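Here the structure is laid out as structure tokens; the discussion comes afterwards.
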Amino acid sequence: MTSIEIRNQFFEFFRDKGHKIVPSSPVVPFDDPTLLFANAGMNQFKDVFLGQGSREYNRAADTQKCIRVSGKHNDLEEVGHDTYHHTFFEMLGNWSFGDYYKEEAIVWAWELLTDVWQLPKERLYATVYRTDDEAFEIWKNKTDISQENILRFDEKDNFWEMGDTGPCGPCSEIHINIGDDYKNPKWVNAGSPECIEIWNLVFIQYNKDQDGNLTELPSKHVDTGMGFERICAVLQNKKSNYDTDVFTPILNAIEELSGISYSENNMIPMRVIADHVRTLTFAIADGAVPGNDGRGYVLRRILRRASRYGRKLNLKDPFLYKLVTVVIQHMKNVFPEIEANENNIKKIILGEEESFNKTLDRGLELFDEIALETEKADKKIIDGAAVFKLYDTFGFPFDLTSVMAKERGLTVDEPGFEKLMTEQKERARSATKSKIGGINVVEHLANSSDLADTEFVGYDYNNFEFDSNLLSLGDGYLFLDKTPFYAESGGQIGDTGRIIGSDEEIIITDTQKSGNLFAHKYEGEFKTNLGEKIKAVVDISRRWDIMRNHTATHYLHSALREILGEHVKQSGSYVGPDRLRFDFAHFQKLSVEELIDIEALINDKIRENTPLHHHRNIPFEEAKKMGALMFFGDKYGDKVNVVQFGEFSKEFCGGTHVQNSSEIGLIKIVSEGSVASGIRRIEAVTGIGIQKYIDEQIKKVFQADEKLARLSEEKKKLEKEIAGLKLQDKLGGIDDIINSPEKVGGVNVYKGKVDVSGMEELKSMGDELRNKMKSGVGLLVAEVEEKVQMVCVVTDDLIKDKKLIAGKIVGAAAKIVGGGGGGRPHLATAGGKDVSKIDELLEKFRDLI
């Protein structure tokens with residue numbers, strides 16, 4: 001059976017049992033900030049198990065895209081070295097939400113494995129939780145498995161928990177022994193590659209509290225998971241998952257790229273590459289991008305690990321991106337989203353490969369030097385400082401160095417590495433000074449821990465001036481029970497304004513917070529008594545500028561995702577009155593066309609006059625269902641705020657915003673650049689910021705015009721000087737003509753061909769010739785832009801005595817070259833078309849005189 005047939009048979013079996021076949025959720029769970037990647041089939045049904053959601057069906061089956069590379073479920077180190085661990089894999093599963101339970105789950109699993117797929121029953125083992133007599137009896141009485149093949153295990157192997165608290169329950173695993181000693185139960189859960197788990201049936205029946213107590217759930221659920229790659233190996237009678245048709249197309253492509261055959265000597269590098277390119281393809285297709293933290297850094301580690309293994313196959317140029325097409329061609333029938341994102345996936349992987357290749361070879365050389373020194377010193381552990389240098393200077397993830405060390409029989413000093421990493425983070429933290437008088441704001445506000453939380457009333461425009469009670473003040477800070485001043489958070493800077501007492505007023509220069517306690521920084525003295533009423537007045541003009549920029553930031557985010565792709569993710573921002581700054585994950589510089597399109601889209605949407613829907617203090621799960629953007633690493637409470645402008649922009653956000661998109665007016669992107677590997681930054685302005693930007697541009701234009709005028713004058717001056725110098729050089733050639741006159745009836749005739757740039761230069765040479773002739777007639781001829789130009793000069797004595805007129809002479813001469821001309825008696829010019837007759841003209845000029 002092919003892998004496609006196996007997957008389809010699984011679907012058909014459970015469809016016949018009344019299950020709805022549902023699509024896989026994305027492998028990047030943007031709606032669950034607790035997860036780096038989807039790592040189990042149950043992830044998309046988590047809300048059902050927690051009692052926070054429901055589905056229109058109570059039976060489901062699917063194949064879920066999963067990635068396991070960190071935390072409790074970390075398969076990275078085993079990948080390539082054994083036959084069945086992968087970073088990316090499919091999890092076939094079937095679920096019951098308060099419908100059927102243990103009996104159906106067990107009986108149907110046995111039916112599919114032994115009746116449909118006809119696996120040998122004597123090689124199959126069922127494990128149950130040590131106290132789960134119900135499951136044991138079902139296996140014993142409802143299936144024909146041998147009783148000796150039903151085994152009990154403890155919590156480590158047969159009790160499933162979603163987390164430290166929450167839904168949990170016993171599970172029953174099905175193992176198959178494909179080795180010769182298949183009748184011996186000792187191999188079950190012993191870590192043998194010949195006796196592996198192929199299906200886990202989880203029975204969710206308890207809720208675990210913080211004290212570890214278990215209570216029965218009102219509804220019991222079934223959650224099963226079968227490793228697709230493993231069952232393919234079993235059904236295709238292969239010892240290794242990599243020998244199935246799930247992997248062989250990729251391995252064949254690697255052979256073709258490297259020119260090396262898949263064999264014992266290079267099996268591990270090829271397996272690692274085949275596994276890792278699948279992970280990269282699916283993760284990037286679902287919106288993840290290699291980066292410096294979170295899931296981005298996991299992908300970067302995987303990509304760099306695969307690149308380094310490529311060196312073992314002499315693949316030194318970028319190659320991973322070339323394998324993406326093979327993965328897509330083989331998997332697109334089940335996961336069409338990877339084909340839709342093919343170009344984007346290739347671009348991102350190629351960019352990462354090119355970046356890492358710049359340092360990879362030098363890093364490998366350094367590692368060899370470090371390893372050699374370690375071996376010469378008769379040590380087995382590579383120093384943590386050396387590992388850190390490879391990470392910090394050459395971008396080698398810790399686990400990559402660890403793998404290379406292991407290949408040489410060495411280990412690495414992980415505690416030493418972690419110590420240096422911690423010190424680096426501390427240096428970065430200490431370099432960031434507190435914004436409040438050099439005092440850590442959190443420590444300062446902790447001194448006011450007896451104060452109740454501040455109630456923020458500044459979302460409503462009517463509250464920009466608000467009567468409040470003064471609770472505490474001192475050391476330049478004051479605290480109110482209610483405040484319209486927004487405290488800096490989420491990238492939006494704190495409000496400024498005034499506090500008005502009974503007969504005094506002070507300026508508020510900043511607002512910060514610790515938890516929900518707002519600290520207003522003020523200047524001067526404030527003598528109002530504690531407990532008295534004061535009026536808090538926000539700088540309205542400044543706040544409006546901030547709100548315009550904050551809403552524009554949301555619009556920018558949506559536009560980037562629409563035009564560049566959904567892999568775009570905010571990684572930082574600044575929202576002030578003067579400008580907005582937005583950092584985001586993207587793999588390459590934006591083109592001028594992309595920037596124009598992004599700006600145009602935002603401004604089009606702004607002009608739609610979309611009203612703000614500010615969903616305040618709503619349940620977290622409700623916000624998720626709205627489709628509001630949220631990202632891994634962000635911390636959300638049970639209640640959240642969602643800022644929505646139609647369907648174009650929906651984001652979790654606690655900041656302040658305009659009431660209607662038209663209040664933004666216009667956005668102008670003023671810069672785009674890189675701030676880190678894989679991170680771009682856009683700066684933009686709105687409102688008064690655009691006016692200032694235009695004024696600055698006009699000022700620059702005027703300054704440029706003035707500078708251009710100065711440069712133009714300087715250019716003309718220099719050109720004149722240069723022309724003069726060139727002319728002086730050319731005038732030296734007049735002497736040759738002066739030194740070789742011809743006599744005609746007692747008249748000296750001077751003639752010759754000269755090199756000039758134009759008529760003005762030719763006339764200057766004519767003047768020079770006339771000055772040097774004591775008495776005579778002169779003709780200078782030049783070829784300029786494929787035409788004939790000439791000047792004729794006559795001295796005053798010949799004009800008077802011989803009636804020789806330059807204008808008449810040059811007119812007659814010009815006829816020889818197919819032209820005409822004239823001028824004054826002492827100097828005249830002419831032109832002609834036939835440059836081939838210049839020599840003939842010079843020959844006949846004596847006769848013409």
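Identifiers in the structure tokens: chain A, B, ... in order shown; residue index from 1 per chain; ligand index from 1 in order shown.
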Extract, using only C-alpha atoms, all DNA, RNA and protein residues at most 10 Å from Ile349 of chain A, discarding same-chain residues fewer than 5 positions from it, and format them as number ranges by chain. A: 277, 280-281, 284, 289-290, 300, 303, 318-322, 324, 344, 354-355, 587
Give me the residues within 7 Å of Ile805 of chain A as a short mmCIF file (atom, residue, chain, number, x, y, z; two decimals) with N, CA, C and O atoms, in the first residue's frame, counting only C-alpha atoms and dropping any in the same chain fewer than 5 places off.
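The new file result-v5.cif reads:
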```cif
data_model
loop_
_atom_site.label_atom_id
_atom_site.label_comp_id
_atom_site.auth_asym_id
_atom_site.auth_seq_id
_atom_site.Cartn_x
_atom_site.Cartn_y
_atom_site.Cartn_z
N ILE A 799 42.32 94.15 -47.00
CA ILE A 799 40.93 94.59 -47.22
C ILE A 799 40.94 95.92 -47.97
O ILE A 799 40.17 96.14 -48.91
N PRO A 825 34.13 91.79 -43.23
CA PRO A 825 35.30 91.75 -44.12
C PRO A 825 36.52 91.10 -43.48
O PRO A 825 37.28 90.41 -44.16
N HIS A 826 36.69 91.30 -42.16
CA HIS A 826 37.91 90.77 -41.54
C HIS A 826 37.75 89.35 -41.00
O HIS A 826 38.73 88.65 -40.79
#
```
Within 9 Å of Ala105 of chain A, counting only C-alpha atoms, which residues qualify if same-chain residues fewer than 6 places away don't, as a ChimeraX atom specification? /A:94-96,201,222,224
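The set of residues in segment 656-771 of chain A assigned to strand (DSSP E) by DSSP, using only backbone atoms of this structure, is A:Ile667, A:Lys668, A:Ile669, A:Val670, A:Ser671, A:Glu672, A:Gly673, A:Ser674, A:Val675, A:Ala676, A:Ile679, A:Arg680, A:Arg681, A:Ile682, A:Glu683, A:Ala684, A:Val685, A:Thr686, A:Glu742, A:Lys743, A:Val744, A:Val747, A:Asn748, A:Val749, A:Tyr750, A:Lys751, A:Gly752, A:Lys753.
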Could you give me, as number ranges by chain, the residues within 12 Å of Ile602 of chain A, counting only C-alpha atoms and dropping anything in the same chain fewer than 5 positions from it? A: 551-563, 595-597, 607-608, 648-649, 661-662, 664-669, 684, 686
Would you save the residues of that selection, restricted to N, CA, C and O atoms, as a compact mmCIF listing (two decimals), in the first residue's frame?
```txt
# COMPACT_ATOMS: atom_id res chain seq x y z
N THR A 551 -3.41 53.53 15.58
CA THR A 551 -4.34 52.87 14.67
C THR A 551 -3.67 52.61 13.32
O THR A 551 -3.86 51.55 12.71
N ALA A 552 -2.86 53.56 12.86
CA ALA A 552 -2.14 53.38 11.60
C ALA A 552 -1.19 52.19 11.68
O ALA A 552 -0.98 51.49 10.68
N THR A 553 -0.63 51.94 12.87
CA THR A 553 0.25 50.79 13.05
C THR A 553 -0.52 49.49 12.82
O THR A 553 -0.01 48.56 12.17
N HIS A 554 -1.74 49.41 13.33
CA HIS A 554 -2.57 48.22 13.10
C HIS A 554 -2.87 48.06 11.60
O HIS A 554 -2.82 46.94 11.07
N TYR A 555 -3.20 49.17 10.94
CA TYR A 555 -3.48 49.12 9.50
C TYR A 555 -2.24 48.69 8.73
O TYR A 555 -2.32 47.92 7.76
N LEU A 556 -1.08 49.18 9.14
CA LEU A 556 0.18 48.79 8.50
C LEU A 556 0.41 47.29 8.65
O LEU A 556 0.79 46.61 7.69
N HIS A 557 0.17 46.77 9.84
CA HIS A 557 0.35 45.34 10.10
C HIS A 557 -0.53 44.51 9.16
O HIS A 557 -0.08 43.55 8.52
N SER A 558 -1.81 44.89 9.05
CA SER A 558 -2.74 44.15 8.19
C SER A 558 -2.31 44.23 6.73
O SER A 558 -2.38 43.24 6.00
N ALA A 559 -1.88 45.41 6.30
CA ALA A 559 -1.46 45.59 4.90
C ALA A 559 -0.23 44.75 4.59
O ALA A 559 -0.13 44.15 3.51
N LEU A 560 0.73 44.70 5.52
CA LEU A 560 1.93 43.90 5.31
C LEU A 560 1.58 42.42 5.15
O LEU A 560 2.11 41.73 4.28
N ARG A 561 0.66 41.94 5.99
CA ARG A 561 0.27 40.52 5.92
C ARG A 561 -0.49 40.23 4.62
O ARG A 561 -0.37 39.14 4.06
N GLU A 562 -1.27 41.20 4.15
CA GLU A 562 -2.04 40.99 2.93
C GLU A 562 -1.14 40.99 1.70
O GLU A 562 -1.32 40.19 0.78
N ILE A 563 -0.14 41.88 1.67
CA ILE A 563 0.69 42.04 0.47
C ILE A 563 1.93 41.14 0.50
O ILE A 563 2.30 40.54 -0.52
N LEU A 595 6.38 48.77 -1.29
CA LEU A 595 6.12 49.88 -0.37
C LEU A 595 5.00 50.77 -0.89
O LEU A 595 4.13 51.21 -0.12
N ILE A 596 4.99 51.02 -2.19
CA ILE A 596 3.93 51.83 -2.79
C ILE A 596 2.58 51.13 -2.62
O ILE A 596 1.57 51.75 -2.24
N ASP A 597 2.55 49.83 -2.89
CA ASP A 597 1.30 49.06 -2.76
C ASP A 597 0.80 49.03 -1.32
O ASP A 597 -0.41 49.15 -1.07
N ARG A 607 -9.66 55.70 4.04
CA ARG A 607 -10.72 56.51 3.43
C ARG A 607 -12.08 55.82 3.44
O ARG A 607 -13.09 56.43 3.06
N GLU A 608 -12.13 54.55 3.86
CA GLU A 608 -13.42 53.86 3.92
C GLU A 608 -14.25 54.28 5.13
O GLU A 608 -15.36 53.79 5.33
N PHE A 648 -10.79 44.34 8.16
CA PHE A 648 -9.40 44.55 7.73
C PHE A 648 -8.42 44.41 8.88
O PHE A 648 -7.32 43.90 8.70
N SER A 649 -8.80 44.86 10.07
CA SER A 649 -7.86 44.85 11.19
C SER A 649 -8.55 44.45 12.47
O SER A 649 -9.51 45.10 12.91
N SER A 661 -11.55 55.38 11.14
CA SER A 661 -10.29 55.32 10.37
C SER A 661 -9.99 56.63 9.67
O SER A 661 -8.83 57.01 9.50
N SER A 662 -11.05 57.37 9.26
CA SER A 662 -10.83 58.61 8.53
C SER A 662 -10.10 59.65 9.38
O SER A 662 -9.50 60.59 8.84
N ILE A 664 -7.45 59.25 10.91
CA ILE A 664 -6.00 59.14 10.69
C ILE A 664 -5.56 60.14 9.64
O ILE A 664 -4.49 60.73 9.73
N GLY A 665 -6.43 60.34 8.64
CA GLY A 665 -6.12 61.27 7.55
C GLY A 665 -5.34 60.59 6.44
O GLY A 665 -5.88 60.27 5.39
N LEU A 666 -4.07 60.35 6.68
CA LEU A 666 -3.18 59.81 5.65
C LEU A 666 -1.97 59.21 6.35
O LEU A 666 -1.59 59.64 7.43
N ILE A 667 -1.40 58.19 5.72
CA ILE A 667 -0.13 57.64 6.23
C ILE A 667 0.93 57.79 5.15
O ILE A 667 0.63 57.67 3.96
N LYS A 668 2.15 58.07 5.57
CA LYS A 668 3.27 58.15 4.64
C LYS A 668 4.43 57.36 5.20
O LYS A 668 4.93 57.63 6.28
N ILE A 669 4.86 56.34 4.45
CA ILE A 669 6.03 55.55 4.85
C ILE A 669 7.27 56.37 4.51
O ILE A 669 7.44 56.81 3.37
N ALA A 684 6.89 55.45 9.73
CA ALA A 684 5.87 56.18 8.99
C ALA A 684 5.34 57.33 9.83
O ALA A 684 5.56 57.39 11.04
N THR A 686 1.77 60.17 10.29
CA THR A 686 0.38 60.49 9.98
C THR A 686 0.10 61.89 10.49
O THR A 686 0.92 62.49 11.20
```
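Residue nearest Asn184 of chain A, chosen from A:Trp117, A:Glu122, A:Ile694, A:Asn237 and counting only C-alpha atoms: A:Glu122.
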From segment 575-784 of chain A, collect each residue whose DSSP state is helix (DSSP H, G or I) and return the set as a ChimeraX atom specification. /A:592-606,620-626,661-664,688-731,734-738,759-772
Exercise: segment 788-798 of chain A partners within 8 Å, only C-alpha atoms, chain neighbours under 6 positions left out, as an MDAnalysis selection string: chainID A and resid 759 762:763 766:767 769:770 773:782 804:807 809:810 817 825:835 838
Would you pick out the contacts of segment 258-272 of chain A at 10 Å or less, using only C-alpha atoms, so that residues sharing its chain but fewer than 5 positions from it are not included, and give the list as JSON, numbers by chain? {"A": [76, 78, 79, 80, 81, 82, 83, 86, 87, 241, 242, 243, 247, 248, 250, 251, 252, 253, 277, 302, 305, 306, 307, 308, 309, 310, 311, 312, 313, 314, 315, 316, 319]}
